[in-house]
Amino acid sequence: MGVTEQTSRQVSAENLPTSWNPADVEQSLYEQWVDRGYFTADPNSDKPPFSIVLPPPNVTGQLHMGHALDHTLMDALARRKRMQGYEVLWLPGMDHAGIATQSKVEGKLLSDEGKSRLDYGREAFIERVWEWKQEYGGKIGSQMRAIGDSVDWSKERFTLDEGLNRAVTTIFKNLYDQGMIYRAHRLVNWSPVLETAVSDIEVIYKEVEGELVSIRYGSLNDDEPHVVVATTRVETMLGDVAVAVHPDDERYQDLVGTRFAHPFVADREIVVIADDYVDPEFGTGAVKITPAHDPNDYAMGLRHNLAMIDVMDDTAHIAGTGTEFDGMDRYEARVKIREALAEQGRIEKEVRPYVHSVGHSERSGEPVEPRLSDQWYVKVEQLAAMAGDAIRQGDTQVHPVSMEPRYFDWVDDMHDWCISRQLWWGHRIPIWYGPDGEVVCCGPDDTPPAGYTQDPDVLDTWFSSALWPFSTLGWPENTALLEKFYPTSVLVTAYDILFFWVARMMMFGTFAATLPDSNLGATATGRPQVPFTDLFIHGLVRDEHGRKMSKSLGNGIDPMDWVADYGADALRFTLARGANPGTDLPLGVDAAQSSRNFCTKLFNATRFALMNGAYVGDLPQVSELTSADRWILDRLEQVRAQVDDLLDRYQFAKATELLYQFAWGELCDWYLEIAKVQIPRDEATASEAALARGDVTRRVLGHSLDVVLRLLHPFIPFVTETLWRQLTGGESVVIADWPTHESTAVAPEACAVSARRIDDVVKLVTEIRRFRSDQGIKPSAPLAARFDAGACDLADEQETVFALTRITPAGDGFRKTGEIEMRLTNTTTVVEFDTSDSIDVEAETKRLTKDRAAAEKELATTAAKLGNEQFLAKAPDHVVEKIKQRQAVAQAEYDRISARLEELAQR
């Protein structure tokens with residue numbers, strides 16, 4: 001390389017800041033990428049398609065660590081495929097989040113104006129929600145930009161936009177017309193605050209301190225027929241219609257069929273029934289049955305044709321019982337009914353505290369109330385069978401395959417899906433009722449008959465989300481996007497929504513593919529087309545101790561805090577390194593700091609390489625390469641091939657760990673150190689051969705960094721973009737080619753020899769450095785040494801060993817004062833040292849004496865604990881074992897230091 005060219009490379013390095021500060025570059029780089037259209041997908045492109053639809057976050061939400069993990073993995077896939085020459089569509093969007101959004105707007109109206117949605121009316125209230133959405137919704141979009149999501153913003157969708165409304169109405173009508181949507185009066189999870197049914201995923205179970213009350217039905221005389229039941233919800237006894245016992249329980253066989261008067265409802269009797277569901281070993285072996293307010297009781301009520309008596313209104317106040325308790329809140333009624341039962345002498349035993357699990361509404365926080373309600377349902381038997389077959393037949397591949405049984409457990413035992421919600425914000429159910437009870441379902445192009453009124457309910461949010469992979473691409477219209485990018489390539493998600501969202505997308509996707517003119521087609525084997533061909537399932541993000549992140553524990557981590565503190569690359573790399581398929585990811589600050597250090601290491605190494613003239617050009621001839629050059633190029637190709645294989649199998653953690661270890665340890669540490677030796681420091685005085693070798697090293701170093709930066713780009717896009725531009729002069733690594741087989745034409749046997757030699761160099765250098773440290777020799781102090789480099793086939797590497805260890809060849813007057821012996825690949829070698837002029841005996845003696853005193857103190861401390869019989873009797877085995885290990889370490893340190901002090905004393 002000429003002086004002018006090298007100087008230009010140094011100028012390129014000087015264009016980099018002296019240190020890596022992510023906040024200085026991340027936002028501007030991202031906006032450049034978007035403005036240049038790097039993320040915009042062209043449906044008319046001749047490139048092979050690759051598509052992902054973003055699992056739509058709630059419009060009310062913001063990124064949590066689970067989102068950040070999802071987005072990191074999807075972005076890594078999208079960026080890699082883009083570099084591999086695919087036409088990539090990563091389609092973003094948001095979910096209208098019916099309950100969450102309506103609750104938030106209702107709360108705002110109440111606090112700001114003192115009004116409820118009823119004060120506005122339906123249409124005016126919905127207008128206010130749209131206003132809120134435009135002003136406050138979508139915070140998550142700016143956060144996605146902050147972490148570098150390479151989504152196509154020009155194609156962003158919303159579950160309530162015009163196109164998705166059309167898709168929802170189309171699928172609803174088709175299901176309805178085929179008899180797969182129906183209305184029924186059934187038990188649901190009811191939110192008294194929101195006054196709507198809520199889905200299972202919106203119910204969170206919490207341990208609650210309650211009370212267990214034992215109630216006597218029947219005679220108050222122990223010698224006459226009676227039965228005792230226990231309950232934590234005394235208020236529901238107003239709806240009791242039976243007491244159930246096990247048919248084989250001899251205590252109650254004579255009572256089966258007996259009827260007892262209800263304590264408060266004069267015209268109702270409570271019948272004793274026998275059912276195998278009852279556990280005779282639990283409590284009294286008798287269970288009160290309230291079919292309208294308990295799911296197990298409801299099932300028993302169906303089996304025994306019992307009356308279903310609802311004793312509460314929409315707000316969970318007692319209603320319609322004809323008792324003095326009507327109008328009371330359920331908790332007030334709980335106390336008053338218990339007191340009234342006590343007055344009648346029907347409270348058996350003492351009321352005692354009882355901790356039990358109670359379902360709470362995720363959105364409004366209050367305990368849900370199981371109650372009967374008229375709701376719309378989807379028949380799922382046929383849909384679930386198609387969703388199961390799609391996995392069983394291999395139309396969709398699950399990664400890891402170990403997650404398949406969990407999927408089948410759900411789809412093979414699925415119950416009909418309650419899809420209606422008593423809300424105003426959402427997709428209005430397209431059912432109209434006539435004045436004489438007529439029922440009409442209208443599609444998107446149908447006009448409702450005059451005088452008909454629309455059903456007031458809206459659809460469960462998951463209904464529209466189930467259409468997401470194809471509705472976002474324009475279905476039911478035959479769009480260019482749909483033709484190019486459907487089915488989508490992969491869905492990335494956590495296992496906790498495998499049923500709630502993934503299974504439902506599979507159900508609706510396969511169903512829509514069977515419809516006439518659906519534009520979704522079929523698989524190669526003729527089965528209904530699936531919404532995605534690969535399904536990658538990762539685990540949940542937990543804290544560093546493996547606990548679920550929650551507000552109550554105070555262990556949650558805001559990913560935006562990590563972006564601010566460590567940079568988006570550090571956040572992403574930390575998440576990717578822990579993303580093993582199907583396995584939970586424990587996360588702590590130490591991991592983020594490690595990733596930040598890695599980005600800094602990469603930055604510093606590349607900047608140093610550029611300052612020393614590294615550049616990207618044609619690789620040298622084999623004959624020009626040193627052992628170190630051949631070794632690093634061979635390792636680079638091995639790593640590239642392994643990373644490709646791992647990413648093809650969604651092994652993100654293994655791929656990133658491999659890149660981390662190679663980039664940090666082999667390239668940025670060992671090869672970069674060796675390169676310092678191979679590149680002349682003073683080109684003016686260097687020989688022609690040395691100059692030629694330096695140029696070869698610069699090209700190998702530049703090539704290696706180029707490949708590593710491209711391999712790392714999908715995971716840490718900002719630092720790799722910054723460095724790659726300076727290293728190569730290219731426009732952007734975003735649109736650079738993904739590394740393929742980088743042939744160096746080095747014979748395998750030559751690579752093997754080079755690998756062996758460099759492995760031996762690493763061992764030698766490591767041991768010599770350890771010797772220097774043990775001897776207390778300063779890094780800058782000269783140290784004479786000798787070893788037979790030729791005998792261990794390291795003659796060509798001797799200069800490197802001496803330079804990296806700062807030792808000098810033995811000369812006249814060499815006096816051996818120390819040695820190390822080590823086993824190399826093919827032989828054992830001995831390195832002899834003359835430390836007579838390298839050690840300050842007085843200073844080293846003082847230092848070692850201080851260290852030995854610390855070891856003595858540790859020995860005394862551990863001996864005292866291990867000699868304490870009382871301590872040994874109480875301490876756990878692992879604690880005792882740890883103290884024994886501390887003692888052994890201290891003893892070894894004491895012996896080593898003592899031996900060294902004896903050596904120094906003889907000088």
# chains A, B, ... in the order shown; residues from 1 in each chain; ligands from 1

$ select_by_dssp --residues "range 77-224 of chain A" --states "helix (DSSP H, G or I)" --output "PyMOL selection string"
chain A and resi 77-83+98-113+117-120+122-136+139-146+153-155+162-177+200-202

$ residues_around --residues "Arg710 in chain A" --least-positions-apart "6" --cutoff "7 Å" --atoms "only C-alpha atoms" --output "JSON, numbers by chain"
{"A": [733, 738, 739]}

$ residues_around --residues "Glu195 in chain A" --least-positions-apart "2" --cutoff "10 Å" --atoms "only C-alpha atoms" --output "number ranges by chain"
A: 190-193, 197-198, 313-316, 421-423

$ write_last_selection --atoms "C-alpha atoms" --output "mmCIF file, in the first residue's frame"
data_model
loop_
_atom_site.group_PDB
_atom_site.id
_atom_site.type_symbol
_atom_site.label_atom_id
_atom_site.label_comp_id
_atom_site.auth_asym_id
_atom_site.auth_seq_id
_atom_site.Cartn_x
_atom_site.Cartn_y
_atom_site.Cartn_z
ATOM 1 C CA TRP A 190 -67.986 -11.025 33.329
ATOM 2 C CA SER A 191 -66.329 -7.729 34.268
ATOM 3 C CA PRO A 192 -68.727 -5.740 36.494
ATOM 4 C CA VAL A 193 -66.659 -2.572 36.000
ATOM 5 C CA ALA A 197 -67.654 -10.454 28.874
ATOM 6 C CA VAL A 198 -63.873 -10.838 28.870
ATOM 7 C CA ASP A 313 -76.989 -7.513 37.387
ATOM 8 C CA ASP A 314 -74.323 -6.207 34.983
ATOM 9 C CA THR A 315 -72.533 -4.333 37.793
ATOM 10 C CA ALA A 316 -72.476 -7.327 40.189
ATOM 11 C CA ARG A 421 -68.041 -8.018 23.804
ATOM 12 C CA GLN A 422 -70.423 -5.500 25.316
ATOM 13 C CA LEU A 423 -68.335 -2.518 24.213
#

$ residues_around --residues "range 202-204 of chain A" --least-positions-apart "2" --cutoff "9 Å" --atoms "only C-alpha atoms" --output "ChimeraX atom specification"
/A:189,198-200,206,358-363,365,367-368

$ residues_around --residues "Thr72 in chain A" --least-positions-apart "5" --cutoff "9 Å" --atoms "only C-alpha atoms" --output "list in words"
His67, Leu77, Ile147, Gly148, Asp149, Leu571, Arg572, Phe573, Leu575, Ala576, Pro714 and Phe715 of chain A

$ write_last_selection --atoms "C-alpha atoms" --output "compact mmCIF listing (two decimals), in the first residue's frame"
# COMPACT_ATOMS: atom_id res chain seq x y z
CA HIS A 67 -42.01 -6.97 22.72
CA LEU A 77 -34.57 -12.26 10.21
CA ILE A 147 -34.60 -0.02 18.58
CA GLY A 148 -34.10 -0.14 14.81
CA ASP A 149 -37.10 -2.10 13.49
CA LEU A 571 -30.41 -4.20 24.10
CA ARG A 572 -30.84 -6.23 20.93
CA PHE A 573 -27.65 -8.26 21.32
CA LEU A 575 -31.94 -10.40 23.90
CA ALA A 576 -30.67 -12.33 20.88
CA PRO A 714 -28.93 -8.11 11.78
CA PHE A 715 -28.38 -8.04 15.53

$ residues_around --residues "Val563 in chain A" --least-positions-apart "6" --cutoff "10 Å" --atoms "only C-alpha atoms" --output "PyMOL selection string"
chain A and resi 22-23+26+143+146-147+569-572+592
